[in-house]
>>> print(open('input27.pdb').read())   # PDB, C-alpha atoms
MODEL        1
ATOM      1  CA  MET N   1     -69.637 -35.421  -9.754
ATOM      2  CA  GLN N   2     -71.131 -35.862  -6.320
ATOM      3  CA  ALA N   3     -74.502 -34.380  -5.588
ATOM      4  CA  LEU N   4     -75.112 -32.075  -2.638
ATOM      5  CA  VAL N   5     -78.252 -32.899  -0.671
ATOM      6  CA  VAL N   6     -80.116 -29.799   0.529
ATOM      7  CA  GLN N   7     -83.443 -30.265   2.319
ATOM      8  CA  GLY N   8     -83.879 -33.672   0.696
ATOM      9  CA  LEU N   9     -83.112 -32.379  -2.834
ATOM     10  CA  SER N  10     -80.091 -33.552  -4.800
ATOM     11  CA  ILE N  11     -78.141 -30.581  -6.194
ATOM     12  CA  THR N  12     -74.982 -31.033  -8.260
ATOM     13  CA  SER N  13     -73.324 -27.626  -7.768
ATOM     14  CA  THR N  14     -73.050 -24.836  -5.231
ATOM     15  CA  CYS N  15     -74.404 -22.424  -7.858
ATOM     16  CA  ALA N  16     -77.534 -24.556  -8.191
ATOM     17  CA  ALA N  17     -77.835 -24.723  -4.389
ATOM     18  CA  LEU N  18     -77.531 -20.945  -4.146
ATOM     19  CA  HIS N  19     -80.233 -20.380  -6.770
ATOM     20  CA  LYS N  20     -82.507 -22.952  -5.119
ATOM     21  CA  SER N  21     -82.093 -21.351  -1.669
ATOM     22  CA  ARG N  22     -83.091 -17.960  -3.100
ATOM     23  CA  GLY N  23     -86.179 -19.410  -4.791
ATOM     24  CA  GLU N  24     -84.727 -18.517  -8.203
ATOM     25  CA  PRO N  25     -85.362 -20.588 -11.339
ATOM     26  CA  ALA N  26     -83.277 -23.725 -11.791
ATOM     27  CA  ILE N  27     -79.965 -23.373 -13.599
ATOM     28  CA  ASN N  28     -78.105 -25.726 -15.896
ATOM     29  CA  GLN N  29     -74.433 -26.265 -15.181
ATOM     30  CA  ARG N  30     -72.348 -25.403 -18.264
ATOM     31  CA  SER N  31     -68.926 -25.774 -16.718
ATOM     32  CA  LYS N  32     -67.154 -26.659 -13.523
ATOM     33  CA  GLY N  33     -65.829 -23.820 -11.439
ATOM     34  CA  ALA N  34     -66.984 -20.849  -9.446
ATOM     35  CA  CYS N  35     -70.381 -19.207  -9.892
ATOM     36  CA  GLU N  36     -70.549 -16.032 -11.956
ATOM     37  CA  GLN N  37     -70.742 -12.942  -9.778
ATOM     38  CA  GLY N  38     -70.662  -9.207 -10.195
ATOM     39  CA  PRO N  39     -67.508  -7.292  -9.283
ATOM     40  CA  SER N  40     -66.712  -6.389  -5.713
ATOM     41  CA  ILE N  41     -64.008  -4.098  -4.371
ATOM     42  CA  VAL N  42     -61.301  -6.045  -2.513
ATOM     43  CA  THR N  43     -59.060  -3.060  -1.695
ATOM     44  CA  PRO N  44     -60.455   0.437  -2.328
ATOM     45  CA  PRO N  45     -58.257   3.453  -3.096
ATOM     46  CA  LYS N  46     -57.331   5.658  -0.114
ATOM     47  CA  ASP N  47     -57.366   9.442   0.228
ATOM     48  CA  ILE N  48     -53.968  11.034  -0.345
ATOM     49  CA  TRP N  49     -52.472  14.329   0.840
ATOM     50  CA  ASN N  50     -49.267  15.535  -0.807
ATOM     51  CA  VAL N  51     -47.406  18.589  -2.055
ATOM     52  CA  THR N  52     -47.210  19.946  -5.588
ATOM     53  CA  GLY N  53     -44.427  18.316  -7.569
ATOM     54  CA  ALA N  54     -44.691  14.976  -5.738
ATOM     55  CA  GLN N  55     -45.282  11.586  -7.364
ATOM     56  CA  ILE N  56     -48.396   9.805  -6.044
ATOM     57  CA  TYR N  57     -50.542   6.833  -6.943
ATOM     58  CA  LEU N  58     -53.971   5.427  -6.147
ATOM     59  CA  SER N  59     -54.560   1.682  -6.279
ATOM     60  CA  CYS N  60     -57.680  -0.473  -6.390
ATOM     61  CA  GLU N  61     -58.250  -4.260  -6.379
ATOM     62  CA  VAL N  62     -61.478  -5.817  -7.647
ATOM     63  CA  ILE N  63     -62.718  -9.380  -8.093
ATOM     64  CA  GLY N  64     -65.585 -10.953 -10.037
ATOM     65  CA  ILE N  65     -66.481 -13.813 -12.370
ATOM     66  CA  PRO N  66     -66.021 -13.267 -15.252
ATOM     67  CA  THR N  67     -62.911 -11.205 -14.485
ATOM     68  CA  PRO N  68     -63.945  -7.523 -14.360
ATOM     69  CA  VAL N  69     -62.711  -4.679 -16.545
ATOM     70  CA  LEU N  70     -61.318  -1.854 -14.394
ATOM     71  CA  ILE N  71     -61.323   1.805 -15.469
ATOM     72  CA  TRP N  72     -60.559   5.064 -13.654
ATOM     73  CA  ASN N  73     -62.580   8.294 -13.746
ATOM     74  CA  LYS N  74     -62.054  11.719 -12.225
ATOM     75  CA  ILE N  75     -65.345  12.921 -10.787
ATOM     76  CA  ILE N  76     -66.098  16.548 -11.596
ATOM     77  CA  ARG N  77     -68.668  17.930  -9.160
ATOM     78  CA  GLY N  78     -70.843  20.936  -9.730
ATOM     79  CA  GLN N  79     -73.181  22.861  -7.475
ATOM     80  CA  TYR N  80     -75.802  20.070  -7.662
ATOM     81  CA  GLY N  81     -73.607  16.962  -7.285
ATOM     82  CA  VAL N  82     -71.791  14.992  -9.984
ATOM     83  CA  GLN N  83     -71.607  17.104 -13.104
ATOM     84  CA  ARG N  84     -69.514  14.766 -15.250
ATOM     85  CA  MET N  85     -66.960  11.976 -15.203
ATOM     86  CA  GLU N  86     -63.618  12.338 -16.950
ATOM     87  CA  LEU N  87     -62.374   8.963 -18.256
ATOM     88  CA  LEU N  88     -58.684   8.652 -17.445
ATOM     89  CA  PRO N  89     -55.947   9.003 -18.615
ATOM     90  CA  GLY N  90     -57.530  11.456 -21.061
ATOM     91  CA  ASP N  91     -55.087  13.986 -22.479
ATOM     92  CA  ARG N  92     -52.916  14.351 -19.364
ATOM     93  CA  GLU N  93     -49.156  14.193 -19.740
ATOM     94  CA  ASN N  94     -48.556  13.758 -15.990
ATOM     95  CA  LEU N  95     -50.972  10.837 -15.493
ATOM     96  CA  ALA N  96     -50.638   7.123 -16.306
ATOM     97  CA  ILE N  97     -53.047   4.219 -15.802
ATOM     98  CA  GLN N  98     -51.859   0.643 -15.317
ATOM     99  CA  THR N  99     -53.841  -2.569 -14.793
ATOM    100  CA  ARG N 100     -52.844  -6.167 -14.289
ATOM    101  CA  GLY N 101     -54.500  -9.461 -13.481
ATOM    102  CA  GLY N 102     -54.237 -10.714  -9.920
ATOM    103  CA  PRO N 103     -53.028 -11.187  -7.338
ATOM    104  CA  GLU N 104     -55.806 -13.842  -7.147
ATOM    105  CA  LYS N 105     -57.695 -15.614  -9.934
ATOM    106  CA  HIS N 106     -60.490 -13.399 -11.384
ATOM    107  CA  GLU N 107     -58.966 -10.375  -9.627
ATOM    108  CA  VAL N 108     -57.709  -7.172 -11.259
ATOM    109  CA  THR N 109     -55.485  -4.483  -9.744
ATOM    110  CA  GLY N 110     -55.307  -0.983 -11.198
ATOM    111  CA  TRP N 111     -53.290   2.139 -10.474
ATOM    112  CA  VAL N 112     -53.407   5.836 -11.303
ATOM    113  CA  LEU N 113     -49.907   7.364 -11.217
ATOM    114  CA  ILE N 114     -49.583  11.161 -11.192
ATOM    115  CA  SER N 115     -46.173  12.811 -11.548
ATOM    116  CA  PRO N 116     -45.575  15.663 -11.027
ATOM    117  CA  LEU N 117     -48.622  16.407  -8.876
ATOM    118  CA  SER N 118     -50.270  19.788  -9.514
ATOM    119  CA  LYS N 119     -53.164  21.715  -7.952
ATOM    120  CA  GLU N 120     -55.300  20.775 -11.000
ATOM    121  CA  ASP N 121     -54.961  17.090 -10.040
ATOM    122  CA  ALA N 122     -56.822  17.610  -6.751
ATOM    123  CA  GLY N 123     -60.243  15.993  -6.616
ATOM    124  CA  GLU N 124     -62.108  12.718  -6.406
ATOM    125  CA  TYR N 125     -60.986   9.681  -8.400
ATOM    126  CA  GLU N 126     -63.180   6.635  -8.988
ATOM    127  CA  CYS N 127     -62.187   3.013  -9.553
ATOM    128  CA  HIS N 128     -64.997   1.457 -11.650
ATOM    129  CA  ALA N 129     -65.203  -2.299 -12.262
ATOM    130  CA  SER N 130     -67.721  -4.029 -14.517
ATOM    131  CA  ASN N 131     -68.481  -7.443 -15.957
ATOM    132  CA  ALA N 132     -71.527  -9.211 -17.419
ATOM    133  CA  LYS N 133     -72.989  -9.639 -13.911
ATOM    134  CA  GLY N 134     -72.760  -6.061 -12.623
ATOM    135  CA  GLU N 135     -70.667  -3.080 -11.542
ATOM    136  CA  ALA N 136     -68.822  -1.837  -8.452
ATOM    137  CA  THR N 137     -67.153   1.477  -7.656
ATOM    138  CA  ALA N 138     -64.943   2.971  -4.971
ATOM    139  CA  SER N 139     -63.417   6.421  -4.803
ATOM    140  CA  ALA N 140     -60.741   8.423  -3.034
ATOM    141  CA  LYS N 141     -59.724  12.065  -2.926
ATOM    142  CA  ILE N 142     -56.386  13.595  -3.781
ATOM    143  CA  HIS N 143     -55.618  16.729  -1.754
ATOM    144  CA  VAL N 144     -52.812  18.939  -3.065
ATOM    145  CA  VAL N 145     -51.065  21.496  -0.832
ATOM    146  CA  GLU N 146     -48.075  23.798  -1.301
ATOM    147  CA  THR N 147     -46.123  22.767   1.820
ATOM    148  CA  LEU N 148     -45.914  19.779   4.173
ATOM    149  CA  HIS N 149     -46.905  22.116   7.026
ATOM    150  CA  GLU N 150     -50.359  22.533   5.418
ATOM    151  CA  ILE N 151     -50.928  18.762   5.553
ATOM    152  CA  ALA N 152     -50.507  18.634   9.337
ATOM    153  CA  LEU N 153     -53.020  21.467   9.731
ATOM    154  CA  THR N 154     -55.767  20.057   7.488
ATOM    155  CA  LYS N 155     -55.317  16.271   7.094
ATOM    156  CA  ASP N 156     -58.057  13.879   8.324
ATOM    157  CA  ASP N 157     -57.189  10.525   9.927
ATOM    158  CA  GLY N 158     -57.125   7.598   7.506
ATOM    159  CA  ALA N 159     -55.506   9.483   4.630
ATOM    160  CA  GLU N 160     -52.065   8.647   3.297
ATOM    161  CA  LEU N 161     -49.110  10.860   2.472
TER     162      LEU N 161
ENDMDL
END
>>> encode(input="input27.pdb", output="structure tokens")
Amino acid sequence: MQALVVQGLSITSTCAALHKSRGEPAINQRSKGACEQGPSIVTPPKDIWNVTGAQIYLSCEVIGIPTPVLIWNKIIRGQYGVQRMELLPGDRENLAIQTRGGPEKHEVTGWVLISPLSKEDAGEYECHASNAKGEATASAKIHVVETLHEIALTKDDGAEL
């Protein structure tokens, strides 16, 4: 292994160089490869507007080392902010959760599929990733309307149909 020379010091890994530059305690290299890092959101879910009865999905991509675990929650808000989180899929017959590794190494992609969409499905959904080094979250809202005409009247830019 070749050593990296940083400010006159010989360092044998980029992880060690990173720790040294931050003034953190020295680390011992246990294996070759990328440094451990907390999850980060690569592609967050996007807000969706659609009509009752439609089939919709939210997707989320996260990356971290070690590879993160991805879960989905529905955020239930009360008068004073977040009241509770509903871990999905729960007991919902019209909702499915799917996760897979990739598309890159240490990356996970997850989806929430809802079919048929109902008014009760409207709300905020959170993609939550965690590993031994930390956590990351991203959320999107599902807006449910009765007719396509309502979407044109109320939809914000940046949302998807």
>>> resolve_selection(input="input27.pdb", expression="the PyMOL selection byres ((chain N and resi 66-78) around 8)", output="VMD selection string")
chain N and resid 36 to 39 62 to 65 79 to 89 97 99 106 to 110 112 123 to 133
>>> axis_aligned_box(input="input27.pdb", around="range 38-43 of chain N", padding_each_side="4 Å", output="AutoDock Vina command-line options")
--center_x -64.9 --center_y -6.1 --center_z -5.9 --size_x 19.6 --size_y 14.1 --size_z 16.5
>>> resolve_selection(input="input27.pdb", expression="the PyMOL selection byres ((chain N and resi 45) around 6)", output="ChimeraX atom specification")
/N:44,46,58-60,140
>>> closest_residue(input="input27.pdb", among="N:Pro103, N:Thr137, N:Tyr57, N:Val51", to="Ile151 in chain N", atoms="all atoms listed in the file")
N:Val51
>>> atom_distance(input="input27.pdb", atom1="CA of Gly102 in chain N", atom2="CA of Ile48 in chain N")
23.8 Å
>>> atom_distance(input="input27.pdb", atom1="CA of Arg92 in chain N", atom2="CA of Ser139 in chain N")
19.6 Å
>>> atom_distance(input="input27.pdb", atom1="CA of Pro116 in chain N", atom2="CA of Thr43 in chain N")
24.9 Å
